[in-house]
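Structure first, commentary second.
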Amino acid sequence: MAIVRTRVAPSPTGHMHIGTVRTGLFNYLFAKAHHGAFLLRIEDTDPVRSKPEYEAEILKGFKWLGLEFDEGPNLGGNYGPYRQSERLDLYREKTSWLLDNGLAYQCFCTEAELEKVKEKSAQQGLPPRYSGKCRTRSRDERLRLQNEGQPFTVRLIVPREDITFTDLIHGAVTTKAEVLDDFVIVRSDDTPLYNFTAVIDDHAMAITHVIRGEDHLSNTPKQIILYRALGWELPVFAHLPLLLNPDKSKMSKRFGDVELLRFRDEGYLSQALINFLAFLGWNPKTDREFFTLPELISAFHIEQVNKAGAIFNRAKLDYFNQHYVRALPLDRLIELSWPYLENAGLVAESTDRSMVGRVLTVVRDRIRTLSEVPSLTDFFFLLPAYDPALLTEKGSKATAKQSLEILLTFTEKEYPRDLTSLTDLLKLQPAALGISNGEFFWPTRVALAGKAQSPSTAEMMMALGNTETQTRLRVALSRLET
Ligand code: GLU
């Protein structure tokens, strides 16, 4: 059997879409499960809309996700070049071959003429089909019009027959002859069209499996007709279910980001995105949810991919991300959170990393995305300007003062520096002072966090460290006096 070769073939005409990532991932998983090759092809035949910065973004995006290509632009490989803009000669050669062999023809119909035909079909409730007018022109007539400088497109001669193919996910798919017409493969400005270039390149690059979004399902019969015209063997096709918004409409910006790098900037981890995206259209048929990339390679089977559209559920993505954030080694969590904290003005180069580590340890379980870290932790770095009345919300001035003072004495002597022992010690204090738990813990927590909702007194003390704890207790005591 031929070595499995798959490809992802994005057009660099906009920011990298999360759908491209899902397609890339499924191609990667399939190729790697079969010890095959995964390629990147850049479909940049549209010179106006294609931008090098979007191509760079695609490379950067896949690299960040850890989906490595075996071949692609700037990576080399035996089947290059991997940018369609560098393959134009090949497309021209195939166009000439099709024309010379009477399998395609020049069409001189003007836009206005074509529009008229379309309108007529619409009135009759028929699908818009090209009439075939130029197909019947004689060779001499075509030559004459060409020599006169009349602009022309190139159309493929499409046989009047139904096209059926077996899709790995959809099974047998049939397209009726009535909806197919002699479609354009080269525009009048000599630029080749997607269906044509995709077939030429998939063949030339020895692609064995074409795995792509379901939005291309209607292109596949046209591509099959081209394979047949060119006398080439078909690859295997698999069309992945569409990504949907929660209201089942096609995934769009309306429900949040669709650009990969926005997810990265929001603080989603690449492992979380990979794990989440793998489940968009596939599941392992077990309860297991968390998979590393190598584990996905072993578990993934393309035949298990669903036909039904896959809903992009952000809460689920957050759930995956939370899991992977919890699993990060502390050092890595500090490193990844640092830019967010720095941007928020909460840390600087001189900030003590170990303090940041202690703070992150306290809030780690609540982090869904790294961009939440500043709002979850700001009160550790800067004492909020709280209303002194907050200190006495669960007791009197006297009980608050007592509680703060006893805590201050701890910080002036030795006290346990592990959370469990410190928690145990603090638990003894209300009884020792003859006050309720609330009367003790409320004012001490408010003093340390400067707000009503916060981690426990012991957690705050652990994270702040001795000096900052003392400072905040003194501030609270002085506020009680006012
Ligand atoms: N350039 C096409 C796209 O981005 C590629 C489709 C295909 O995989 O054949 O949708």
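Chain lettering (A, B, ...) mirrors the order of the structure tokens, residue numbering begins at 1 for each chain separately, and ligand numbering begins at 1 in order of display.
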
>> Would you pick out the contacts of A:Thr110 at 10 Å or less, using only C-alpha atoms, so that residues sharing its chain but fewer than 2 positions from it are not included, and give the list as JSON, numbers by chain?
In response: {"A": [107, 108, 112, 113, 114, 115, 150, 151, 152, 153]}

>> Quick check for you: according to DSSP on this backbone, which residues of stretch 61-223 of chain A are classed as strand (DSSP E)? Reply as a count of residues only.
In response: 26

> Using the chain letters and numbers from this document, which residues of stretch 397-458 of chain A does DSSP assign to alpha helix (DSSP H), as a PyMOL selection string?
Replying inline: chain A and resi 397-412+419-427+429-433+437-449+457-458

> Hey, which of A:Arg142, A:His170, A:Arg228, A:His216 ends up closest to ligand 1? Count only C-alpha atoms and all ligand atoms.
Replying inline: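 Closest candidate: A:His216.
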
Kindly provide the residues of chain A that approach ligand 1 to within 6 Å, each paired with its closest atom pair and their distance in Å to one decimal, based on only C-alpha atoms and all ligand atoms, listed by chain and increasing number, as JSON lines.
```
{"residue": "A:Val8", "atom": "CA", "partner": "ligand 1", "partner_atom_place_in_ligand_line": "8 (O)", "distance": 5.9}
{"residue": "A:Ala9", "atom": "CA", "partner": "ligand 1", "partner_atom_place_in_ligand_line": "5 (C)", "distance": 4.6}
{"residue": "A:Pro10", "atom": "CA", "partner": "ligand 1", "partner_atom_place_in_ligand_line": "4 (O)", "distance": 3.8}
{"residue": "A:Ser11", "atom": "CA", "partner": "ligand 1", "partner_atom_place_in_ligand_line": "1 (N)", "distance": 4.7}
{"residue": "A:Glu43", "atom": "CA", "partner": "ligand 1", "partner_atom_place_in_ligand_line": "1 (N)", "distance": 5.3}
{"residue": "A:Ala198", "atom": "CA", "partner": "ligand 1", "partner_atom_place_in_ligand_line": "9 (O)", "distance": 5.9}
{"residue": "A:Arg212", "atom": "CA", "partner": "ligand 1", "partner_atom_place_in_ligand_line": "8 (O)", "distance": 4.9}
```

Just-selected residues, all heavy atoms written as a short mmCIF file (atom, residue, chain, number, x, y, z; two decimals), in the first residue's frame:
```cif
data_model
loop_
_atom_site.label_atom_id
_atom_site.label_comp_id
_atom_site.auth_asym_id
_atom_site.auth_seq_id
_atom_site.Cartn_x
_atom_site.Cartn_y
_atom_site.Cartn_z
N VAL A 8 -2.99 19.84 4.61
CA VAL A 8 -3.94 20.89 4.89
C VAL A 8 -3.56 22.00 3.92
O VAL A 8 -2.38 22.23 3.67
CB VAL A 8 -3.92 21.33 6.38
CG1 VAL A 8 -2.56 21.87 6.80
CG2 VAL A 8 -5.00 22.35 6.69
N ALA A 9 -4.59 22.65 3.32
CA ALA A 9 -4.28 23.54 2.20
C ALA A 9 -4.95 24.90 2.37
O ALA A 9 -5.83 25.27 1.59
CB ALA A 9 -4.73 22.87 0.90
N PRO A 10 -4.58 25.64 3.39
CA PRO A 10 -5.27 26.91 3.62
C PRO A 10 -4.91 27.99 2.60
O PRO A 10 -3.83 27.97 2.02
CB PRO A 10 -4.79 27.33 5.02
CG PRO A 10 -3.50 26.61 5.23
CD PRO A 10 -3.54 25.37 4.40
N SER A 11 -5.84 28.91 2.42
CA SER A 11 -5.58 30.09 1.60
C SER A 11 -5.19 31.22 2.55
O SER A 11 -5.94 31.49 3.49
CB SER A 11 -6.84 30.50 0.84
OG SER A 11 -7.31 29.40 0.11
N GLU A 43 -2.43 27.80 -0.53
CA GLU A 43 -3.24 28.04 -1.75
C GLU A 43 -3.39 29.55 -1.97
O GLU A 43 -4.40 30.15 -1.59
CB GLU A 43 -4.58 27.32 -1.62
CG GLU A 43 -4.36 25.81 -1.38
CD GLU A 43 -5.39 24.89 -1.99
OE1 GLU A 43 -6.57 25.25 -1.99
OE2 GLU A 43 -5.00 23.81 -2.48
N ALA A 198 -6.27 22.30 -6.99
CA ALA A 198 -6.29 21.32 -5.90
C ALA A 198 -6.04 19.92 -6.46
O ALA A 198 -5.26 19.15 -5.90
CB ALA A 198 -7.63 21.38 -5.17
N ARG A 212 -11.02 17.17 4.50
CA ARG A 212 -11.28 18.61 4.56
C ARG A 212 -12.72 18.83 5.02
O ARG A 212 -13.48 17.89 5.21
CB ARG A 212 -11.06 19.23 3.18
CG ARG A 212 -11.94 18.64 2.12
CD ARG A 212 -11.56 19.18 0.74
NE ARG A 212 -12.24 18.44 -0.30
CZ ARG A 212 -11.79 18.32 -1.54
NH1 ARG A 212 -10.66 18.91 -1.90
NH2 ARG A 212 -12.46 17.65 -2.43
#
```

> Which residue, A:Ala315, A:Ala177, A:Leu67, A:Ile435, has the smallest gap to A:Ser396 when you use only C-alpha atoms?
Replying inline: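 Nearest candidate to A:Ser396 out of A:Ala315, A:Ala177, A:Leu67, A:Ile435: A:Ile435.
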
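Take atom CA of A:Arg87 and atom CA of A:Leu230: the distance between them is 17.4 Å.
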
Residues near A:Leu242, anyone? I mean within 7 Å using only C-alpha atoms, not counting same-chain ones fewer than 2 positions away, as a compact mmCIF listing (two decimals) with N, CA and C atoms, in the first residue's frame.
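Output (around-v9.txt):
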```
# COMPACT_ATOMS: atom_id res chain seq x y z
N GLY A 213 -13.06 20.11 5.18
CA GLY A 213 -14.38 20.46 5.71
C GLY A 213 -15.51 20.10 4.75
N GLU A 214 -16.66 19.90 5.34
CA GLU A 214 -17.84 19.51 4.57
C GLU A 214 -18.27 20.57 3.57
N LEU A 240 -15.15 16.46 6.78
CA LEU A 240 -15.36 16.63 8.22
C LEU A 240 -16.61 17.47 8.49
N LEU A 244 -20.18 24.43 14.23
CA LEU A 244 -21.40 25.23 14.39
C LEU A 244 -21.37 26.10 15.64
N GLY A 309 -23.05 18.13 12.31
CA GLY A 309 -22.23 19.30 12.62
C GLY A 309 -21.76 19.27 14.08
N ALA A 310 -20.60 19.86 14.32
CA ALA A 310 -20.01 19.83 15.66
C ALA A 310 -20.15 21.21 16.30
```

>> Report, in Å with one decimal, the straight-line distance from atom CA of A:Ser454 to atom CA of A:Phe441.
In response: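 Pair atom CA of A:Ser454 / atom CA of A:Phe441 returns 11.3 Å.
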
> So how far away is atom CA of A:Tyr194 from atom CA of A:Leu126, in Å?
Replying inline: 24.8 Å

Could you give me, as a JSON list (two decimals) with N, CA, C and O atoms, in the first residue's frame, the residues within 8 Å of stretch 128-136 of chain A, counting only C-alpha atoms and dropping anything in the same chain fewer than 6 positions from it?
```json
[["chain", "number", "residue", "atom", "x", "y", "z"],
["A", 105, "TYR", "N", -12.25, 23.53, -23.27],
["A", 105, "TYR", "CA", -12.36, 24.47, -24.39],
["A", 105, "TYR", "C", -12.37, 25.91, -23.89],
["A", 105, "TYR", "O", -12.69, 26.16, -22.71],
["A", 106, "GLN", "N", -12.06, 26.83, -24.81],
["A", 106, "GLN", "CA", -12.11, 28.25, -24.47],
["A", 106, "GLN", "C", -13.56, 28.71, -24.56],
["A", 106, "GLN", "O", -14.25, 28.37, -25.52],
["A", 107, "CYS", "N", -13.94, 29.46, -23.56],
["A", 107, "CYS", "CA", -15.31, 29.99, -23.55],
["A", 107, "CYS", "C", -15.23, 31.51, -23.66],
["A", 107, "CYS", "O", -14.61, 32.17, -22.83],
["A", 108, "PHE", "N", -15.88, 32.03, -24.70],
["A", 108, "PHE", "CA", -15.81, 33.48, -24.96],
["A", 108, "PHE", "C", -17.07, 34.22, -24.49],
["A", 108, "PHE", "O", -17.23, 35.39, -24.80],
["A", 109, "CYS", "N", -17.94, 33.53, -23.80],
["A", 109, "CYS", "CA", -19.17, 34.17, -23.34],
["A", 109, "CYS", "C", -18.84, 35.32, -22.39],
["A", 109, "CYS", "O", -17.95, 35.19, -21.55],
["A", 114, "LEU", "N", -23.67, 35.37, -19.58],
["A", 114, "LEU", "CA", -23.77, 34.31, -18.58],
["A", 114, "LEU", "C", -24.84, 34.65, -17.55],
["A", 114, "LEU", "O", -25.58, 33.79, -17.08],
["A", 117, "VAL", "N", -28.30, 33.87, -18.88],
["A", 117, "VAL", "CA", -28.60, 32.42, -18.83],
["A", 117, "VAL", "C", -28.98, 32.03, -17.41],
["A", 117, "VAL", "O", -29.93, 31.27, -17.18],
["A", 118, "LYS", "N", -28.24, 32.57, -16.45],
["A", 118, "LYS", "CA", -28.48, 32.27, -15.04],
["A", 118, "LYS", "C", -29.90, 32.70, -14.64],
["A", 118, "LYS", "O", -30.63, 31.94, -14.00],
["A", 121, "SER", "N", -32.52, 30.38, -16.04],
["A", 121, "SER", "CA", -32.60, 29.12, -15.28],
["A", 121, "SER", "C", -33.35, 29.36, -13.98],
["A", 121, "SER", "O", -34.19, 28.56, -13.58],
["A", 122, "ALA", "N", -33.03, 30.48, -13.33],
["A", 122, "ALA", "CA", -33.68, 30.78, -12.04],
["A", 122, "ALA", "C", -35.19, 30.90, -12.23],
["A", 122, "ALA", "O", -35.96, 30.38, -11.42],
["A", 157, "ILE", "N", -14.88, 19.97, -20.17],
["A", 157, "ILE", "CA", -16.04, 19.25, -20.73],
["A", 157, "ILE", "C", -16.50, 18.24, -19.68],
["A", 157, "ILE", "O", -15.74, 17.35, -19.28],
["A", 179, "VAL", "N", -26.99, 18.82, -11.95],
["A", 179, "VAL", "CA", -26.44, 19.98, -11.26],
["A", 179, "VAL", "C", -25.00, 20.28, -11.70],
["A", 179, "VAL", "O", -24.40, 21.24, -11.25],
["A", 180, "LEU", "N", -24.47, 19.45, -12.56],
["A", 180, "LEU", "CA", -23.09, 19.67, -13.01],
["A", 180, "LEU", "C", -23.10, 20.29, -14.40],
["A", 180, "LEU", "O", -23.93, 19.96, -15.23],
["A", 181, "ASP", "N", -22.18, 21.22, -14.62],
["A", 181, "ASP", "CA", -22.06, 21.79, -15.97],
["A", 181, "ASP", "C", -20.58, 21.92, -16.30],
["A", 181, "ASP", "O", -19.72, 21.56, -15.50],
["A", 182, "ASP", "N", -20.30, 22.41, -17.49],
["A", 182, "ASP", "CA", -18.90, 22.61, -17.90],
["A", 182, "ASP", "C", -18.33, 23.77, -17.09],
["A", 182, "ASP", "O", -18.52, 24.93, -17.43],
["A", 183, "PHE", "N", -17.66, 23.46, -16.01],
["A", 183, "PHE", "CA", -17.21, 24.53, -15.11],
["A", 183, "PHE", "C", -15.86, 25.13, -15.54],
["A", 183, "PHE", "O", -15.10, 24.51, -16.28]]
```

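Contact shell of A:Leu425 at 12 Å (only C-alpha atoms; same-chain neighbours under 6 positions omitted): Ile406, Leu407, Phe410, Tyr415, Pro416, Arg417, Asp418, Leu419, Ala431, Ala432, Thr457 and Ala458 of chain A.
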
>> Residues near A:Ala344, anyone? I mean within 10 Å using only C-alpha atoms, not counting same-chain ones fewer than 6 positions away, as a ChimeraX atom specification.
In response: /A:338,371,373-375,378

Write out, as a short mmCIF file (atom, residue, chain, number, x, y, z; two decimals), in the first residue's frame, the residues just selected, with N, CA, C and O atoms.
```cif
data_model
loop_
_atom_site.label_atom_id
_atom_site.label_comp_id
_atom_site.auth_asym_id
_atom_site.auth_seq_id
_atom_site.Cartn_x
_atom_site.Cartn_y
_atom_site.Cartn_z
N TRP A 338 3.08 35.30 33.45
CA TRP A 338 3.86 36.53 33.63
C TRP A 338 3.47 37.65 32.66
O TRP A 338 3.19 38.78 33.10
N SER A 371 -5.69 34.71 30.72
CA SER A 371 -6.02 36.14 30.74
C SER A 371 -6.84 36.51 31.98
O SER A 371 -7.01 37.67 32.29
N VAL A 373 -5.89 35.58 34.93
CA VAL A 373 -4.97 35.61 36.07
C VAL A 373 -4.89 36.99 36.73
O VAL A 373 -5.00 37.08 37.96
N PRO A 374 -4.76 38.09 35.97
CA PRO A 374 -4.69 39.38 36.65
C PRO A 374 -5.91 39.68 37.52
O PRO A 374 -5.75 40.10 38.68
N SER A 375 -7.11 39.43 37.00
CA SER A 375 -8.28 39.78 37.81
C SER A 375 -8.44 38.82 39.00
O SER A 375 -9.02 39.17 40.01
N ASP A 378 -5.08 40.29 41.35
CA ASP A 378 -4.61 41.68 41.53
C ASP A 378 -4.50 42.10 43.00
O ASP A 378 -3.57 42.79 43.38
#
```

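Nearest to A:Arg187 of all the residues A:Arg83, A:Lys120, A:Arg92, A:Lys250 is A:Arg92, counting only C-alpha atoms.
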
> Closest to A:Gly256 among A:Ile58, A:Ala389, A:Leu383, A:Ile18, using only C-alpha atoms?
Replying inline: A:Ile18

> Any idea what's packed within 6 Å of A:Met205, counting only C-alpha atoms, ignoring anything in its chain fewer than 3 positions away? Could you give it as a list in words?
Replying inline: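 My reading of the contact set: Tyr79, Asp201 and Asp202 of chain A.
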
>> Here is a test: counting only C-alpha atoms, which residue of A:Ala398, A:Leu477, A:Leu390, A:Leu193 is nearest to A:Gly450?
In response: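 Checking each candidate against A:Gly450, we get A:Leu390 as the closest.
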
>> For a quick check of understanding, using only C-alpha atoms, which of A:Leu391, A:Tyr324, A:Lys32, A:Val4 has the smallest distance to A:Leu296?
In response: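 Closest to A:Leu296 of all the choices is A:Lys32.
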